[in-house]
>>> print(open('structure_11.tsv').read())   # TSV, C-alpha atoms
chain	number	residue	atom	x	y	z
L	132	MET	CA	43.58	-14.90	-7.16
L	133	ILE	CA	41.45	-13.01	-4.66
L	134	LYS	CA	39.12	-11.68	-7.37
L	135	GLU	CA	38.22	-15.12	-8.65
L	136	LYS	CA	37.74	-16.42	-5.12
L	137	ILE	CA	35.35	-13.55	-4.27
L	138	GLN	CA	33.44	-14.05	-7.51
L	139	GLN	CA	33.02	-17.75	-6.75
L	140	LEU	CA	31.86	-17.06	-3.19
L	141	ALA	CA	29.38	-14.47	-4.47
L	142	LYS	CA	27.87	-17.18	-6.67
L	143	GLU	CA	27.78	-19.70	-3.82
L	144	ILE	CA	25.98	-17.41	-1.36
L	145	PHE	CA	23.65	-15.85	-3.94
L	146	ASP	CA	20.59	-17.86	-2.88
L	147	ASP	CA	21.14	-16.90	0.77
L	148	VAL	CA	21.47	-13.22	-0.12
L	149	VAL	CA	18.24	-13.36	-2.14
L	150	ALA	CA	16.47	-15.13	0.72
L	151	ASN	CA	17.64	-12.45	3.17
L	152	ARG	CA	16.54	-9.71	0.79
L	153	ARG	CA	13.09	-11.24	0.39
L	154	HIS	CA	12.68	-11.66	4.14
L	155	LEU	CA	13.57	-8.01	4.70
L	156	HIS	CA	11.31	-6.90	1.85
L	157	ALA	CA	8.38	-8.80	3.33
L	158	HIS	CA	8.96	-7.29	6.79
L	159	PRO	CA	9.73	-3.58	6.26
L	160	GLU	CA	9.93	-1.11	9.12
L	161	LEU	CA	9.81	2.68	9.09
L	162	SER	CA	12.66	5.02	10.01
L	163	PHE	CA	13.68	4.85	13.69
L	164	HIS	CA	11.47	1.75	14.14
L	165	GLU	CA	13.73	-0.91	12.57
L	166	VAL	CA	13.47	-3.15	15.65
L	167	GLU	CA	12.91	-6.54	14.02
L	168	THR	CA	15.21	-5.64	11.13
L	169	SER	CA	17.98	-4.97	13.64
L	170	VAL	CA	17.28	-8.28	15.39
L	171	PHE	CA	17.45	-10.09	12.04
L	172	VAL	CA	20.79	-8.51	11.12
L	173	ALA	CA	22.19	-9.23	14.58
L	174	ARG	CA	21.19	-12.88	14.30
L	175	LYS	CA	22.88	-13.21	10.91
L	176	LEU	CA	26.07	-11.66	12.27
L	177	GLU	CA	25.99	-14.04	15.23
L	178	GLU	CA	25.64	-17.00	12.86
L	179	LEU	CA	28.85	-15.82	11.18
L	180	GLY	CA	30.60	-15.47	14.53
L	181	ILE	CA	30.93	-11.69	14.10
L	182	GLU	CA	30.78	-9.48	17.17
L	183	TYR	CA	28.74	-6.28	16.95
L	184	HIS	CA	27.42	-3.47	19.07
L	185	LYS	CA	24.35	-1.28	18.81
L	186	MET	CA	24.25	2.42	18.03
L	187	ALA	CA	21.46	4.94	17.49
L	188	ASP	CA	18.96	2.49	19.04
L	189	THR	CA	18.48	0.14	16.08
L	190	GLY	CA	21.81	0.59	14.28
L	191	LEU	CA	24.56	-2.03	14.36
L	192	VAL	CA	28.32	-1.84	13.88
L	193	ALA	CA	30.57	-4.85	13.37
L	194	LEU	CA	34.23	-5.47	12.56
L	195	ILE	CA	36.04	-8.13	10.56
L	196	LYS	CA	39.80	-8.12	10.91
L	197	GLY	CA	41.95	-9.95	8.40
L	198	ASP	CA	44.54	-12.47	9.58
L	199	LYS	CA	47.40	-10.86	7.65
L	200	PRO	CA	49.29	-7.82	9.00
L	201	GLY	CA	47.67	-4.48	8.30
L	202	ASP	CA	46.29	-1.53	10.23
L	203	LYS	CA	44.20	0.11	7.52
L	204	VAL	CA	40.43	0.39	8.10
L	205	VAL	CA	37.63	0.74	5.56
L	206	ALA	CA	33.94	1.20	6.42
L	207	LEU	CA	31.01	-0.20	4.43
L	208	ARG	CA	27.53	1.20	5.01
L	209	ALA	CA	23.99	-0.08	4.43
L	210	ASP	CA	20.71	1.57	5.44
L	211	MET	CA	17.81	-0.49	6.80
L	212	ASP	CA	14.59	1.56	6.88
L	213	ALA	CA	11.54	1.45	4.60
L	214	LEU	CA	8.96	3.98	3.38
L	215	PRO	CA	5.27	4.65	4.20
L	216	ILE	CA	4.07	3.29	0.83
L	217	LEU	CA	1.41	0.65	0.12
L	218	GLU	CA	3.08	-1.98	-2.07
L	219	ALA	CA	1.36	-2.82	-5.37
L	220	ASN	CA	3.65	-5.67	-6.45
L	221	ASP	CA	2.10	-9.14	-6.70
L	222	VAL	CA	5.11	-11.17	-5.56
L	223	SER	CA	5.67	-13.88	-2.98
L	224	TYR	CA	7.78	-11.53	-0.88
L	225	ARG	CA	5.27	-8.65	-0.94
L	226	SER	CA	5.25	-6.47	2.18
L	227	GLN	CA	3.35	-8.02	5.07
L	228	ASN	CA	3.36	-4.71	6.91
L	229	GLU	CA	0.42	-2.90	5.30
L	230	GLY	CA	1.32	0.61	4.19
L	231	VAL	CA	5.07	0.12	4.64
L	232	MET	CA	7.37	-0.90	1.80
L	233	HIS	CA	11.03	-1.24	0.90
L	234	ALA	CA	10.50	1.08	-2.06
L	235	CYS	CA	14.04	2.47	-2.04
L	236	GLY	CA	16.06	-0.74	-2.05
L	237	HIS	CA	17.36	-0.66	1.51
L	238	ASP	CA	16.50	-4.36	1.73
L	239	VAL	CA	19.02	-4.86	-1.08
L	240	HIS	CA	21.63	-2.77	0.71
L	241	THR	CA	21.26	-4.62	4.00
L	242	SER	CA	21.17	-8.13	2.55
L	243	SER	CA	24.15	-7.26	0.34
L	244	LEU	CA	26.23	-6.06	3.28
L	245	LEU	CA	25.41	-9.26	5.17
L	246	GLY	CA	26.62	-11.14	2.09
L	247	VAL	CA	29.84	-9.15	2.09
L	248	ALA	CA	30.33	-10.07	5.75
L	249	LYS	CA	29.95	-13.75	4.87
L	250	ILE	CA	32.47	-13.51	2.02
L	251	LEU	CA	35.06	-11.65	4.07
L	252	THR	CA	34.65	-14.11	6.94
L	253	GLU	CA	35.49	-16.90	4.49
L	254	ILE	CA	38.66	-15.17	3.21
L	255	LYS	CA	39.99	-13.62	6.44
L	256	SER	CA	43.25	-15.48	5.98
L	257	GLU	CA	43.88	-13.71	2.68
L	258	PHE	CA	43.79	-10.04	3.64
L	259	GLY	CA	45.13	-7.66	6.26
L	260	GLY	CA	43.39	-4.69	7.86
L	261	THR	CA	39.88	-4.19	9.23
L	262	VAL	CA	36.49	-3.80	7.61
L	263	LYS	CA	33.87	-1.91	9.60
L	264	PHE	CA	30.25	-2.77	8.80
L	265	ILE	CA	27.69	-0.02	9.40
L	266	PHE	CA	24.04	-1.10	9.43
L	267	GLN	CA	22.32	2.23	9.72
L	268	PRO	CA	18.74	3.17	10.62
L	269	ALA	CA	16.59	6.02	9.34
L	270	GLU	CA	18.08	7.22	6.08
L	271	GLU	CA	14.64	8.35	4.95
L	272	LYS	CA	13.77	10.69	7.81
L	273	LEU	CA	15.39	13.77	9.33
L	274	PRO	CA	17.73	14.13	11.09
L	275	GLY	CA	18.98	10.95	9.39
L	276	GLY	CA	20.48	7.90	11.05
L	277	ALA	CA	23.92	8.71	9.65
L	278	SER	CA	24.12	11.94	11.63
L	279	LEU	CA	23.17	10.12	14.83
L	280	MET	CA	25.67	7.33	14.32
L	281	ILE	CA	28.45	9.79	13.58
L	282	LYS	CA	27.62	11.67	16.79
L	283	GLU	CA	27.81	8.38	18.68
L	284	GLY	CA	31.27	7.67	17.25
L	285	VAL	CA	30.69	5.25	14.39
L	286	LEU	CA	33.71	6.69	12.56
L	287	GLU	CA	36.01	6.26	15.55
L	288	ASN	CA	37.70	3.33	17.29
L	289	PRO	CA	38.81	2.36	14.73
L	290	LYS	CA	38.75	5.33	12.38
L	291	PRO	CA	38.26	4.32	8.73
L	292	SER	CA	40.39	5.79	5.97
L	293	ALA	CA	37.38	5.50	3.64
L	294	VAL	CA	33.61	5.03	3.83
L	295	ILE	CA	31.96	3.17	0.94
L	296	GLY	CA	28.24	3.00	0.20
L	297	GLN	CA	26.08	1.77	-2.63
L	298	HIS	CA	22.49	2.43	-3.67
L	299	VAL	CA	20.16	0.70	-6.12
L	300	MET	CA	19.49	2.52	-9.39
L	301	PRO	CA	16.52	1.39	-11.54
L	302	LEU	CA	17.73	3.56	-14.43
L	303	ILE	CA	20.81	1.33	-14.83
L	304	ASP	CA	20.64	-2.25	-16.11
L	305	ALA	CA	21.43	-5.03	-13.68
L	306	GLY	CA	25.05	-6.06	-13.98
L	307	LYS	CA	26.28	-2.49	-14.27
L	308	VAL	CA	27.28	0.17	-11.75
L	309	GLY	CA	27.69	3.94	-11.93
L	310	PHE	CA	30.15	6.44	-10.45
L	311	ARG	CA	30.58	10.19	-10.21
L	312	ALA	CA	33.55	11.88	-8.56
L	313	GLY	CA	33.11	15.19	-6.75
L	314	LYS	CA	29.73	16.72	-5.93
L	315	TYR	CA	27.06	14.13	-6.63
L	316	MET	CA	23.83	14.61	-4.63
L	317	ALA	CA	22.10	17.70	-3.26
L	318	SER	CA	21.49	19.04	0.20
L	319	THR	CA	17.84	19.04	1.22
L	320	ASP	CA	15.80	21.40	3.38
L	321	GLU	CA	12.11	21.21	4.20
L	322	LEU	CA	10.06	24.40	4.05
L	323	TYR	CA	6.91	24.87	6.13
L	324	VAL	CA	5.09	28.14	5.45
L	325	THR	CA	1.86	29.68	6.75
L	326	VAL	CA	0.55	32.79	5.03
L	327	LYS	CA	-1.97	34.64	7.21
L	328	GLY	CA	-4.61	37.14	6.18
L	329	LYS	CA	-8.23	37.89	7.02
L	330	GLY	CA	-10.87	35.64	5.55
L	331	GLY	CA	-14.40	36.43	4.53
L	332	HIS	CA	-16.94	36.35	1.72
L	333	GLY	CA	-15.48	35.95	-1.76
L	334	ALA	CA	-17.90	38.58	-3.07
L	335	GLN	CA	-16.51	41.22	-0.70
L	336	PRO	CA	-12.72	41.08	-1.20
L	337	GLN	CA	-12.34	44.71	-0.13
L	338	GLN	CA	-13.21	43.69	3.41
L	339	ASN	CA	-10.62	40.90	3.54
L	340	VAL	CA	-6.88	40.36	3.36
L	341	ASP	CA	-6.70	37.50	0.86
L	342	PRO	CA	-3.93	35.02	1.83
L	343	VAL	CA	-4.48	33.09	-1.42
L	344	ILE	CA	-3.43	36.08	-3.54
L	345	ILE	CA	-0.53	36.79	-1.17
L	346	THR	CA	0.58	33.15	-1.50
L	347	ALA	CA	0.44	33.35	-5.29
L	348	HIS	CA	2.78	36.34	-5.23
L	349	ILE	CA	5.11	34.62	-2.77
L	350	LEU	CA	5.30	31.40	-4.80
L	351	THR	CA	6.12	33.31	-7.98
L	352	ALA	CA	8.61	35.65	-6.34
L	353	LEU	CA	10.49	32.89	-4.51
L	354	GLN	CA	11.54	31.37	-7.83
L	355	GLN	CA	13.65	34.51	-8.34
L	356	VAL	CA	15.85	33.24	-5.52
L	357	ILE	CA	16.89	30.51	-7.95
L	358	SER	CA	16.81	32.43	-11.24
L	359	ARG	CA	18.41	35.69	-10.10
L	360	PHE	CA	20.45	35.07	-6.94
L	361	ALA	CA	21.87	31.57	-7.40
L	362	ASP	CA	25.07	31.00	-9.39
L	363	PRO	CA	23.91	29.33	-12.63
L	364	LYS	CA	26.93	27.03	-12.42
L	365	SER	CA	25.73	25.63	-9.07
L	366	PRO	CA	22.47	23.64	-9.28
L	367	SER	CA	19.56	24.72	-7.08
L	368	VAL	CA	15.96	23.52	-6.87
L	369	LEU	CA	13.00	25.10	-5.09
L	370	SER	CA	9.70	23.21	-5.27
L	371	PHE	CA	6.43	23.41	-3.36
L	372	GLY	CA	4.38	20.22	-3.40
L	373	LYS	CA	1.65	21.07	-0.90
L	374	VAL	CA	-0.58	24.16	-0.91
L	375	ILE	CA	-3.71	24.17	1.26
L	376	ALA	CA	-6.19	27.05	1.11
L	377	ASN	CA	-9.16	25.60	2.89
L	378	GLY	CA	-11.81	27.99	1.69
L	379	ALA	CA	-14.56	27.49	-0.88
L	380	THR	CA	-15.80	28.96	-4.16
L	381	ASN	CA	-17.12	31.98	-2.26
L	382	VAL	CA	-15.05	31.78	0.93
L	383	ILE	CA	-11.64	33.40	1.35
L	384	PRO	CA	-9.76	31.51	4.11
L	385	ASN	CA	-7.85	33.09	6.97
L	386	GLU	CA	-4.61	31.39	6.01
L	387	VAL	CA	-2.83	29.26	3.45
L	388	TYR	CA	-0.40	26.47	4.33
L	389	LEU	CA	2.53	25.41	2.13
L	390	GLU	CA	5.22	22.72	2.21
L	391	GLY	CA	8.23	22.61	-0.07
L	392	THR	CA	11.84	21.63	-0.53
L	393	PHE	CA	15.04	23.53	-1.29
L	394	ARG	CA	18.11	21.73	-2.63
L	395	THR	CA	21.56	22.82	-3.68
L	396	MET	CA	25.23	21.81	-3.74
L	397	ASP	CA	26.86	24.79	-2.05
L	398	GLU	CA	26.66	25.18	1.72
L	399	GLN	CA	27.41	28.93	1.73
L	400	TRP	CA	24.74	29.61	-0.89
L	401	ARG	CA	22.36	27.30	0.96
L	402	ASN	CA	22.56	29.46	4.07
L	403	GLU	CA	22.25	32.69	2.07
L	404	ALA	CA	19.20	31.36	0.26
L	405	HIS	CA	17.49	30.56	3.55
L	406	VAL	CA	17.77	34.20	4.60
L	407	LYS	CA	16.63	35.52	1.21
L	408	MET	CA	13.59	33.22	0.98
L	409	LYS	CA	12.40	34.05	4.47
L	410	LYS	CA	12.92	37.80	4.05
L	411	MET	CA	11.20	37.84	0.65
L	412	ALA	CA	8.14	35.87	1.77
L	413	GLU	CA	7.68	37.86	4.95
L	414	GLY	CA	8.15	41.17	3.10
L	415	ILE	CA	5.61	40.35	0.41
L	416	ALA	CA	3.02	39.24	2.95
L	417	GLU	CA	3.51	42.37	5.06
L	418	SER	CA	3.32	44.69	2.03
L	419	MET	CA	-0.05	43.17	1.13
L	420	GLY	CA	-1.49	43.48	4.62
L	421	GLY	CA	-0.87	39.96	5.86
L	422	SER	CA	1.91	38.03	7.58
L	423	CYS	CA	3.99	34.95	6.93
L	424	ASP	CA	5.55	32.32	9.18
L	425	PHE	CA	8.42	30.87	7.14
L	426	ASN	CA	10.05	27.89	8.85
L	427	ILE	CA	13.02	25.96	7.46
L	428	MET	CA	13.93	22.48	8.70
L	429	LYS	CA	17.54	22.06	7.67
L	430	GLY	CA	18.20	18.59	6.34
L	431	TYR	CA	21.07	16.62	4.87
L	432	PRO	CA	24.16	18.32	3.43
L	433	PHE	CA	25.26	17.75	-0.15
L	434	LEU	CA	27.07	14.50	-0.94
L	435	ILE	CA	30.59	14.67	-2.30
L	436	ASN	CA	32.60	11.70	-3.55
L	437	GLU	CA	36.28	12.24	-2.79
L	438	GLU	CA	38.06	12.41	-6.13
L	439	LYS	CA	41.06	10.13	-5.53
L	440	LEU	CA	39.11	7.51	-3.58
L	441	THR	CA	36.34	7.43	-6.18
L	442	ALA	CA	38.87	6.99	-8.99
L	443	LYS	CA	40.40	4.05	-7.12
L	444	VAL	CA	37.05	2.42	-6.34
L	445	ARG	CA	35.92	2.89	-9.93
L	446	GLY	CA	39.10	1.14	-11.04
L	447	PHE	CA	38.33	-1.77	-8.73
L	448	ALA	CA	34.83	-1.97	-10.22
L	449	GLU	CA	36.21	-1.99	-13.77
L	450	ASP	CA	38.57	-4.79	-12.80
L	451	PHE	CA	35.83	-6.81	-11.11
L	452	LEU	CA	32.92	-6.27	-13.51
L	453	GLY	CA	34.65	-5.24	-16.72
L	454	LYS	CA	35.12	-1.67	-17.95
L	455	GLU	CA	32.03	-1.89	-20.16
L	456	ASN	CA	29.86	-2.38	-17.07
L	457	VAL	CA	30.99	0.76	-15.25
L	458	LEU	CA	29.15	3.95	-16.20
L	459	ASP	CA	29.48	7.69	-15.62
L	460	LEU	CA	26.75	9.35	-13.56
L	461	ASP	CA	25.39	12.89	-13.76
L	462	ILE	CA	24.61	15.00	-10.70
L	463	TRP	CA	21.46	13.92	-8.89
L	464	MET	CA	19.31	16.49	-7.08
L	465	ALA	CA	17.84	13.89	-4.75
L	466	ALA	CA	19.29	13.73	-1.24
L	467	GLU	CA	20.86	10.96	0.82
L	468	ASP	CA	22.08	10.98	4.40
L	469	PHE	CA	25.28	9.19	3.35
L	470	ALA	CA	26.24	12.83	2.70
L	471	TYR	CA	27.01	13.17	6.41
L	472	TYR	CA	29.80	10.61	6.08
L	473	SER	CA	31.10	12.36	2.97
L	474	GLN	CA	31.36	15.66	4.85
L	475	VAL	CA	33.67	14.25	7.53
L	476	ALA	CA	35.54	11.35	5.86
L	477	ASN	CA	36.86	10.34	2.46
L	478	SER	CA	33.81	8.68	0.93
L	479	CYS	CA	32.51	7.04	-2.22
L	480	PHE	CA	28.83	6.44	-2.92
L	481	TYR	CA	28.08	4.55	-6.11
L	482	ARG	CA	25.02	3.15	-7.89
L	483	LEU	CA	24.07	-0.49	-8.39
L	484	GLY	CA	22.04	-1.20	-11.53
L	485	THR	CA	18.81	-3.13	-10.83
L	486	ARG	CA	16.82	-2.64	-14.06
L	487	ASN	CA	15.45	-5.43	-16.26
L	488	GLU	CA	13.17	-4.13	-19.01
L	489	ALA	CA	12.40	-7.62	-20.30
L	490	ARG	CA	10.83	-8.50	-16.96
L	491	GLY	CA	9.18	-5.10	-16.51
L	492	ILE	CA	11.42	-4.14	-13.59
L	493	THR	CA	11.69	-0.46	-14.43
L	494	SER	CA	9.76	1.43	-11.74
L	495	SER	CA	11.43	4.32	-9.97
L	496	VAL	CA	12.34	4.25	-6.31
L	497	HIS	CA	9.69	5.58	-3.91
L	498	THR	CA	6.85	4.11	-5.99
L	499	PRO	CA	4.41	1.27	-5.09
L	500	THR	CA	5.68	-0.91	-7.97
L	501	PHE	CA	9.41	-0.60	-7.29
L	502	ASP	CA	11.31	-3.89	-7.42
L	503	VAL	CA	14.78	-5.04	-8.41
L	504	GLU	CA	16.34	-7.58	-10.73
L	505	GLU	CA	17.72	-9.88	-8.08
L	506	SER	CA	20.60	-11.14	-10.23
L	507	ALA	CA	22.21	-7.80	-9.36
L	508	LEU	CA	22.74	-9.09	-5.82
L	509	GLU	CA	25.57	-11.31	-7.02
L	510	GLN	CA	27.47	-8.32	-8.40
L	511	SER	CA	26.49	-6.27	-5.35
L	512	VAL	CA	28.07	-8.54	-2.73
L	513	GLY	CA	31.04	-9.53	-4.85
L	514	LEU	CA	31.96	-6.00	-5.88
L	515	MET	CA	31.68	-4.52	-2.41
L	516	ALA	CA	33.76	-7.32	-0.91
L	517	TYR	CA	36.38	-6.81	-3.62
L	518	ILE	CA	36.42	-3.04	-3.09
L	519	ALA	CA	36.97	-3.53	0.64
L	520	VAL	CA	39.85	-5.96	0.21
L	521	LYS	CA	41.54	-3.86	-2.48
L	522	GLN	CA	41.07	-0.62	-0.55
L	523	LEU	CA	42.85	-2.24	2.39
L	524	GLY	CA	45.84	-2.65	0.10
L	525	ASN	CA	45.58	-6.38	-0.48
>>> encode(input="structure_11.tsv", output="structure tokens")
Amino acid sequence: MIKEKIQQLAKEIFDDVVANRRHLHAHPELSFHEVETSVFVARKLEELGIEYHKMADTGLVALIKGDKPGDKVVALRADMDALPILEANDVSYRSQNEGVMHACGHDVHTSSLLGVAKILTEIKSEFGGTVKFIFQPAEEKLPGGASLMIKEGVLENPKPSAVIGQHVMPLIDAGKVGFRAGKYMASTDELYVTVKGKGGHGAQPQQNVDPVIITAHILTALQQVISRFADPKSPSVLSFGKVIANGATNVIPNEVYLEGTFRTMDEQWRNEAHVKMKKMAEGIAESMGGSCDFNIMKGYPFLINEEKLTAKVRGFAEDFLGKENVLDLDIWMAAEDFAYYSQVANSCFYRLGTRNEARGITSSVHTPTFDVEESALEQSVGLMAYIAVKQLGN
């Protein structure tokens, strides 16, 4: 049976997949700078005899066509970029690029997809249809590599009937995966705000227009956009993580600078909220004698897993891993540029468990101590290969 053959191949190539993952982990590159990563992936595809072409500068797209009849196409996606984080792990494959780290598991995604390519190359005679491999740059940085690749036609010629992606999840034990149908991850917008006043001596506030006090009112009032305008049934998050008022104990500054994020799962409300936030902040500042420059950098849309496709893929996972190893996921207010695929094609984005408490592998993504339980790579490559073959109707 095809399942048993894929499971056996996943075992056989496990060491190679781990070696590829460790190489990528030791040589991380930031978003839009994945030059050597792209070269590495291209070389591995060439070794397998797989043709590819470049997109979005460092992105790669490859096809594997089965020998049996079939015109169905399924796309599999992996992201390749790393984060500007100084790694704290004391491991043999620690980042050699100081201040850059694969702290979000994209090394796992890329090495896994290369493993899937190896498996499907081995079993070409046993399936029909085409698998499109998308090695994507810049998931971590706006405007997102997915949006660029879509603009350059990654979902055309041939057009896939489904796009499948996976992402590591340190909250889930290795050996398990998680699914959620429907709305899953949030849109994300970056907020850059400058509140302007008139600075001066802290002992003479009557002579100044205090931007710190104006900012305090704005920060408090903006939360009403969430608590009083948003539909309580539709999740929204507004957070400010940077506030700079560069005065002193007795110095009122001329301006205050803020950075924040706004996230939701409703595109209409998202656009309405932008208008409300900007109008509210500018109005408060003006009423208190100051002014406000409220700039919104619109980011990724929300991610939606197509219901029927996700139910099918979940069924494949239960068949491959066992029903007890397939979990339900809650909504996740983080963002992911796979959302761009989900907005234009039937898509399914699921989670790969990488946790191992016994070994202390529990750190969250985007932290200096993030790592994965590498045994999960066997399930990763096997499951994704199985999903592809089954989705093609074999």
>>> residues_around(input="structure_11.tsv", residues="region 197-207 of chain L", least_positions_apart="2", cutoff="7 Å", atoms="only C-alpha atoms", output="list in words")
Ile195, Lys255, Ser256, Glu257, Phe258, Gly259, Gly260, Thr261, Val262, Lys263, Phe264, Ile265, Lys290, Pro291, Ser292, Ala293, Val294, Ile295, Gly296, Ala519 and Leu523 of chain L
>>> closest_residue(input="structure_11.tsv", among="L:Glu271, L:Asn288, L:Val299, L:Met464", to="Pro366 (chain L)", atoms="all atoms listed in the file")
L:Met464
>>> residues_around(input="structure_11.tsv", residues="Ile344 (chain L)", least_positions_apart="3", cutoff="12 Å", atoms="only C-alpha atoms", output="MDAnalysis selection string")
chainID L and resid 326:330 336 339:341 347:351 376 383:387 415:416 419:421
>>> atom_distance(input="structure_11.tsv", atom1="CA of Glu160 (chain L)", atom2="CA of Met211 (chain L)")
8.2 Å
>>> closest_residue(input="structure_11.tsv", among="L:Val192, L:Gly484, L:Lys307, L:Asp424", to="Glu455 (chain L)", atoms="all atoms listed in the file")
L:Lys307
>>> atom_distance(input="structure_11.tsv", atom1="CA of Ile427 (chain L)", atom2="CA of Thr392 (chain L)")
9.2 Å
>>> closest_atom_pairs(input="structure_11.tsv", of="region 287-345 of chain L", to="region 492-514 of chain L", cutoff="9 Å", atoms="only C-alpha atoms", output="tab-separated table")
residue	atom	partner	partner_atom	distance
L:Gln297	CA	L:Ser511	CA	8.5
L:Val299	CA	L:Val503	CA	8.2
L:Met300	CA	L:Val496	CA	8.0
L:Pro301	CA	L:Thr493	CA	5.9
L:Leu302	CA	L:Thr493	CA	7.3
L:Asp304	CA	L:Glu504	CA	8.7
L:Ala305	CA	L:Ala507	CA	5.2
L:Gly306	CA	L:Ala507	CA	5.7
L:Lys307	CA	L:Ala507	CA	8.3
>>> atom_distance(input="structure_11.tsv", atom1="CA of Trp400 (chain L)", atom2="CA of Ala442 (chain L)")
27.9 Å
>>> closest_residue(input="structure_11.tsv", among="L:Asn377, L:Ile345, L:Thr485, L:Glu467", to="Ser418 (chain L)", atoms="all atoms listed in the file")
L:Ile345
>>> decode(input="structure_11.tsv", residues="region 207-223 of chain L", atoms="N, CA and C atoms", output="PDB file, in the first residue's frame")
ATOM      1  N   LEU L 207       2.357  22.432  -2.445  1.00  0.00           N
ATOM      2  CA  LEU L 207       2.880  22.330  -1.086  1.00  0.00           C
ATOM      3  C   LEU L 207       3.834  23.496  -0.864  1.00  0.00           C
ATOM      4  N   ARG L 208       3.709  24.162   0.275  1.00  0.00           N
ATOM      5  CA  ARG L 208       4.498  25.379   0.493  1.00  0.00           C
ATOM      6  C   ARG L 208       5.372  25.287   1.746  1.00  0.00           C
ATOM      7  N   ALA L 209       6.600  25.792   1.620  1.00  0.00           N
ATOM      8  CA  ALA L 209       7.502  25.959   2.765  1.00  0.00           C
ATOM      9  C   ALA L 209       8.118  27.347   2.693  1.00  0.00           C
ATOM     10  N   ASP L 210       8.310  27.981   3.862  1.00  0.00           N
ATOM     11  CA  ASP L 210       8.979  29.277   3.908  1.00  0.00           C
ATOM     12  C   ASP L 210      10.427  29.076   4.346  1.00  0.00           C
ATOM     13  N   MET L 211      11.308  30.024   3.987  1.00  0.00           N
ATOM     14  CA  MET L 211      12.744  29.788   4.127  1.00  0.00           C
ATOM     15  C   MET L 211      13.487  30.799   4.993  1.00  0.00           C
ATOM     16  N   ASP L 212      12.859  31.899   5.388  1.00  0.00           N
ATOM     17  CA  ASP L 212      13.590  32.975   6.053  1.00  0.00           C
ATOM     18  C   ASP L 212      13.703  32.770   7.555  1.00  0.00           C
ATOM     19  N   ALA L 213      14.654  33.498   8.160  1.00  0.00           N
ATOM     20  CA  ALA L 213      14.899  33.434   9.598  1.00  0.00           C
ATOM     21  C   ALA L 213      14.611  34.795  10.228  1.00  0.00           C
ATOM     22  N   LEU L 214      14.882  34.897  11.534  1.00  0.00           N
ATOM     23  CA  LEU L 214      14.545  36.096  12.301  1.00  0.00           C
ATOM     24  C   LEU L 214      15.800  36.781  12.854  1.00  0.00           C
ATOM     25  N   PRO L 215      15.721  38.086  13.111  1.00  0.00           N
ATOM     26  CA  PRO L 215      16.860  38.811  13.714  1.00  0.00           C
ATOM     27  C   PRO L 215      16.932  38.578  15.223  1.00  0.00           C
ATOM     28  N   ILE L 216      17.290  37.351  15.611  1.00  0.00           N
ATOM     29  CA  ILE L 216      17.372  36.946  17.015  1.00  0.00           C
ATOM     30  C   ILE L 216      18.730  36.285  17.253  1.00  0.00           C
ATOM     31  N   LEU L 217      19.360  36.611  18.375  1.00  0.00           N
ATOM     32  CA  LEU L 217      20.627  35.992  18.757  1.00  0.00           C
ATOM     33  C   LEU L 217      20.334  34.658  19.441  1.00  0.00           C
ATOM     34  N   GLU L 218      20.780  33.562  18.841  1.00  0.00           N
ATOM     35  CA  GLU L 218      20.461  32.239  19.372  1.00  0.00           C
ATOM     36  C   GLU L 218      21.179  31.973  20.688  1.00  0.00           C
ATOM     37  N   ALA L 219      20.443  31.383  21.637  1.00  0.00           N
ATOM     38  CA  ALA L 219      21.002  31.048  22.947  1.00  0.00           C
ATOM     39  C   ALA L 219      21.200  29.548  23.135  1.00  0.00           C
ATOM     40  N   ASN L 220      20.814  28.750  22.158  1.00  0.00           N
ATOM     41  CA  ASN L 220      20.953  27.299  22.278  1.00  0.00           C
ATOM     42  C   ASN L 220      22.418  26.871  22.154  1.00  0.00           C
ATOM     43  N   ASP L 221      22.820  25.931  23.010  1.00  0.00           N
ATOM     44  CA  ASP L 221      24.176  25.372  22.938  1.00  0.00           C
ATOM     45  C   ASP L 221      24.086  24.014  22.242  1.00  0.00           C
ATOM     46  N   VAL L 222      24.024  24.052  20.916  1.00  0.00           N
ATOM     47  CA  VAL L 222      23.882  22.834  20.119  1.00  0.00           C
ATOM     48  C   VAL L 222      24.891  22.875  18.981  1.00  0.00           C
ATOM     49  N   SER L 223      25.180  21.727  18.418  1.00  0.00           N
ATOM     50  CA  SER L 223      26.188  21.643  17.364  1.00  0.00           C
ATOM     51  C   SER L 223      25.783  22.413  16.109  1.00  0.00           C
TER      52      SER L 223
END
